[in-house]
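Novice: My questions will all concern the structure given below.
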Amino acid sequence: MDLKSKQKTILIAPLNWGLGHATRCIPIIRALKENNFIPIIASDGVALELLRKEFPDLQCLELPSYQIEYAANGANFKWKIIKNGPKMIRAILEEKKIIQNWVENYAIDGVISDNRLGVFSKKIPSVFITHQLNVMTGNTTWFTSKVHQSIIKKYTVCWVPDHAGTPNLTGKLGHVDNPNLKAQYIGPLSRLQKKLLPKKYDLLVILSGPEPQRGMLEKHLKVEIVKYSGTVIFIEGIIKEKQKITTIGNVTYYNYMNSIELEQAFNESEMVLCRSGYTTIMDLAQLRKKAFFIPTPGQYEQEYLAKKMKKDGLVPYATQDAFRMENILEIEEYKGLPRLDSKIEWANLFQVFDR
């Protein structure tokens, strides 16, 4: 029998909310290819552009934008999301119709949705990926968590990129007592590997997330970084057609890096200054790097993770407005993220598509 006839086509669709959802899908896409599946990538905006650069040989399809916007004032974050709610709902409804057409037109055998709520089909196995079984929104956490869990229940299975027991990385974000969720803890995901390379940089600064907060942090850190005497590699997190490299004094700036370049930069750096997004936390744990966190203002998930890591004695943090370059010295007082050794059994996970 022709081996080609055995291949199944899997649509994998990460949410375009910063770059974290897209980057943590990279090891899944690699594993699909290695296990004789044909991945089709679907997203929008910078998430789609990033994955196009990582996998130029794969078919990429565009989905409607959820038009997620951050408030310039972190205190207004939740209300900005609520205000944009109708636009998000329209995009999700349009997305659902598109997916049903694609299942037929592209002969799709299964879907993997990383937090895209309209990427689902009753006709084929549908996997949902999230580390947020609880969605933290301050005094409305109970409501947003229930809504999110009700959506997750319709999927064949929910992959949680963490460990079921302790120690784990997500805390109460990724752990709930709800057997109806069909949650399967697959272990932390990272596109990066630990390598023993000579130290080249004292500090790696890496920015991510939607505007305007990404740009606001960039502006703040470019003022602060001149006070630092060590060697710095500064990745702005702006996906463009061409890579731009600029050196000013002891700081080398990149607008973006692909996975291979980023892996090298991480391994050549002693410390990391970054957001406390969960994908970044998984990367830091994989690479066993010490770090300092600046959570996105008003984003409850990042604020919770930053506080959890500090309480556990792993990583210090500061608010965006309060951060000063001398805060970096606090890193020495913390243990850094431990590597939670686990081997993802991809062949077993992908058996869901045999249903």
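Ordering of the structure tokens sets the chain letters (A, B, ...); residue numbers start at 1 within each chain; ligands are numbered from 1 in the order shown.
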Would you pick out the contacts of Val315 in chain A at 9 Å or less, using only C-alpha atoms, so that residues sharing its chain but fewer than 6 positions from it are not included, and give the list as an NGL selection string?

Specialist: :A and (290-293 or 306-309 or 330-331 or 333-337)

Novice: Keeping only N, CA, C and O atoms, write the selected residues to a file as a PDB file, in the first residue's frame.

Specialist:
ATOM      1  N   LYS A 290      17.858  31.453  34.771  1.00  0.00           N
ATOM      2  CA  LYS A 290      17.364  32.401  35.765  1.00  0.00           C
ATOM      3  C   LYS A 290      16.794  33.626  35.044  1.00  0.00           C
ATOM      4  O   LYS A 290      17.285  34.013  33.981  1.00  0.00           O
ATOM      5  N   ALA A 291      15.754  34.207  35.632  1.00  0.00           N
ATOM      6  CA  ALA A 291      15.055  35.269  34.919  1.00  0.00           C
ATOM      7  C   ALA A 291      14.504  36.312  35.873  1.00  0.00           C
ATOM      8  O   ALA A 291      14.490  36.130  37.105  1.00  0.00           O
ATOM      9  N   PHE A 292      14.047  37.416  35.275  1.00  0.00           N
ATOM     10  CA  PHE A 292      13.301  38.465  35.985  1.00  0.00           C
ATOM     11  C   PHE A 292      12.054  38.746  35.157  1.00  0.00           C
ATOM     12  O   PHE A 292      12.151  38.933  33.938  1.00  0.00           O
ATOM     13  N   PHE A 293      10.888  38.791  35.823  1.00  0.00           N
ATOM     14  CA  PHE A 293       9.621  38.954  35.121  1.00  0.00           C
ATOM     15  C   PHE A 293       9.066  40.370  35.256  1.00  0.00           C
ATOM     16  O   PHE A 293       9.147  40.990  36.320  1.00  0.00           O
ATOM     17  N   ALA A 306       3.553  35.460  37.853  1.00  0.00           N
ATOM     18  CA  ALA A 306       4.714  36.167  38.410  1.00  0.00           C
ATOM     19  C   ALA A 306       4.712  36.080  39.936  1.00  0.00           C
ATOM     20  O   ALA A 306       5.756  35.823  40.557  1.00  0.00           O
ATOM     21  N   LYS A 307       3.561  36.293  40.548  1.00  0.00           N
ATOM     22  CA  LYS A 307       3.455  36.215  42.014  1.00  0.00           C
ATOM     23  C   LYS A 307       3.725  34.792  42.511  1.00  0.00           C
ATOM     24  O   LYS A 307       4.381  34.596  43.543  1.00  0.00           O
ATOM     25  N   LYS A 308       3.220  33.802  41.777  1.00  0.00           N
ATOM     26  CA  LYS A 308       3.439  32.400  42.159  1.00  0.00           C
ATOM     27  C   LYS A 308       4.926  32.057  42.128  1.00  0.00           C
ATOM     28  O   LYS A 308       5.447  31.433  43.065  1.00  0.00           O
ATOM     29  N   MET A 309       5.612  32.459  41.053  1.00  0.00           N
ATOM     30  CA  MET A 309       7.037  32.139  40.921  1.00  0.00           C
ATOM     31  C   MET A 309       7.874  32.837  41.996  1.00  0.00           C
ATOM     32  O   MET A 309       8.834  32.274  42.510  1.00  0.00           O
ATOM     33  N   GLU A 330      18.316  41.240  41.879  1.00  0.00           N
ATOM     34  CA  GLU A 330      17.509  40.346  42.718  1.00  0.00           C
ATOM     35  C   GLU A 330      17.532  38.905  42.212  1.00  0.00           C
ATOM     36  O   GLU A 330      17.245  37.970  42.973  1.00  0.00           O
ATOM     37  N   ILE A 331      17.860  38.701  40.937  1.00  0.00           N
ATOM     38  CA  ILE A 331      17.866  37.346  40.367  1.00  0.00           C
ATOM     39  C   ILE A 331      18.731  36.404  41.192  1.00  0.00           C
ATOM     40  O   ILE A 331      18.394  35.225  41.378  1.00  0.00           O
ATOM     41  N   GLU A 333      19.094  36.110  44.224  1.00  0.00           N
ATOM     42  CA  GLU A 333      18.451  35.649  45.459  1.00  0.00           C
ATOM     43  C   GLU A 333      17.430  34.537  45.215  1.00  0.00           C
ATOM     44  O   GLU A 333      16.858  34.000  46.168  1.00  0.00           O
ATOM     45  N   TYR A 334      17.183  34.194  43.943  1.00  0.00           N
ATOM     46  CA  TYR A 334      16.152  33.206  43.605  1.00  0.00           C
ATOM     47  C   TYR A 334      16.770  31.999  42.909  1.00  0.00           C
ATOM     48  O   TYR A 334      17.805  32.092  42.260  1.00  0.00           O
ATOM     49  N   LYS A 335      16.091  30.854  43.019  1.00  0.00           N
ATOM     50  CA  LYS A 335      16.633  29.586  42.540  1.00  0.00           C
ATOM     51  C   LYS A 335      16.570  29.429  41.023  1.00  0.00           C
ATOM     52  O   LYS A 335      17.345  28.688  40.437  1.00  0.00           O
ATOM     53  N   GLY A 336      15.640  30.112  40.384  1.00  0.00           N
ATOM     54  CA  GLY A 336      15.411  29.890  38.956  1.00  0.00           C
ATOM     55  C   GLY A 336      14.450  28.737  38.754  1.00  0.00           C
ATOM     56  O   GLY A 336      14.210  27.927  39.656  1.00  0.00           O
ATOM     57  N   LEU A 337      13.874  28.652  37.566  1.00  0.00           N
ATOM     58  CA  LEU A 337      12.881  27.622  37.285  1.00  0.00           C
ATOM     59  C   LEU A 337      13.525  26.247  37.159  1.00  0.00           C
ATOM     60  O   LEU A 337      14.542  26.096  36.470  1.00  0.00           O
TER      61      LEU A 337
END

Novice: Counting only C-alpha atoms, which residues in range 218-289 of chain A sit no more than 9 Å from range 50-71 of chain A? For each one, give the nearest pair of atoms and the distance in Å, sorted by chain then residue number, as JSON lines.

Specialist:
{"residue": "A:Ile239", "atom": "CA", "partner": "A:Leu50", "partner_atom": "CA", "distance": 6.9}
{"residue": "A:Asn258", "atom": "CA", "partner": "A:Glu54", "partner_atom": "CA", "distance": 6.9}
{"residue": "A:Ser259", "atom": "CA", "partner": "A:Glu54", "partner_atom": "CA", "distance": 7.4}

Novice: Output all heavy atoms of each residue in that selection to a file, as a PDB file, in the first residue's frame.

Specialist:
ATOM      1  N   ILE A 239       7.647  41.024  14.319  1.00  0.00           N
ATOM      2  CA  ILE A 239       7.807  40.143  13.169  1.00  0.00           C
ATOM      3  C   ILE A 239       7.733  40.969  11.887  1.00  0.00           C
ATOM      4  O   ILE A 239       6.707  41.594  11.590  1.00  0.00           O
ATOM      5  CB  ILE A 239       6.721  39.047  13.145  1.00  0.00           C
ATOM      6  CG1 ILE A 239       6.720  38.277  14.470  1.00  0.00           C
ATOM      7  CG2 ILE A 239       6.963  38.101  11.980  1.00  0.00           C
ATOM      8  CD1 ILE A 239       7.987  37.532  14.767  1.00  0.00           C
ATOM      9  N   ASN A 258      14.168  33.709  14.569  1.00  0.00           N
ATOM     10  CA  ASN A 258      13.476  32.432  14.386  1.00  0.00           C
ATOM     11  C   ASN A 258      13.882  31.489  15.526  1.00  0.00           C
ATOM     12  O   ASN A 258      14.705  31.839  16.378  1.00  0.00           O
ATOM     13  CB  ASN A 258      13.764  31.829  13.011  1.00  0.00           C
ATOM     14  CG  ASN A 258      15.245  31.511  12.799  1.00  0.00           C
ATOM     15  OD1 ASN A 258      15.967  31.187  13.743  1.00  0.00           O
ATOM     16  ND2 ASN A 258      15.705  31.602  11.552  1.00  0.00           N
ATOM     17  N   SER A 259      13.311  30.295  15.539  1.00  0.00           N
ATOM     18  CA  SER A 259      13.522  29.371  16.665  1.00  0.00           C
ATOM     19  C   SER A 259      14.983  28.982  16.842  1.00  0.00           C
ATOM     20  O   SER A 259      15.481  28.908  17.971  1.00  0.00           O
ATOM     21  CB  SER A 259      12.672  28.113  16.475  1.00  0.00           C
ATOM     22  OG  SER A 259      11.311  28.414  16.604  1.00  0.00           O
TER      23      SER A 259
END

Novice: Please provide the set of residues having any atom within 9 Å of Trp346 in chain A, restricted to only C-alpha atoms, with same-chain residues fewer than 6 positions apart removed, written as a PyMOL selection string.

Specialist: chain A and resi 28+31-32+35

Novice: Do a neighbour search on Val46 in chain A at 12 Å with only C-alpha atoms, toss out local chain neighbours closer than 5 positions, and write the hits as a VMD selection string.

Specialist: chain A and resid 14 to 23 51 to 53 62 65 208 to 211 237 to 241 256

Novice: Range 12-69 of chain A: which residues are alpha helix (DSSP H) by DSSP, as JSON, numbers by chain?

Specialist: {"A": [20, 21, 22, 23, 24, 25, 26, 27, 28, 29, 30, 31, 32, 33, 34, 45, 46, 47, 48, 49, 50, 51, 52, 53, 54]}
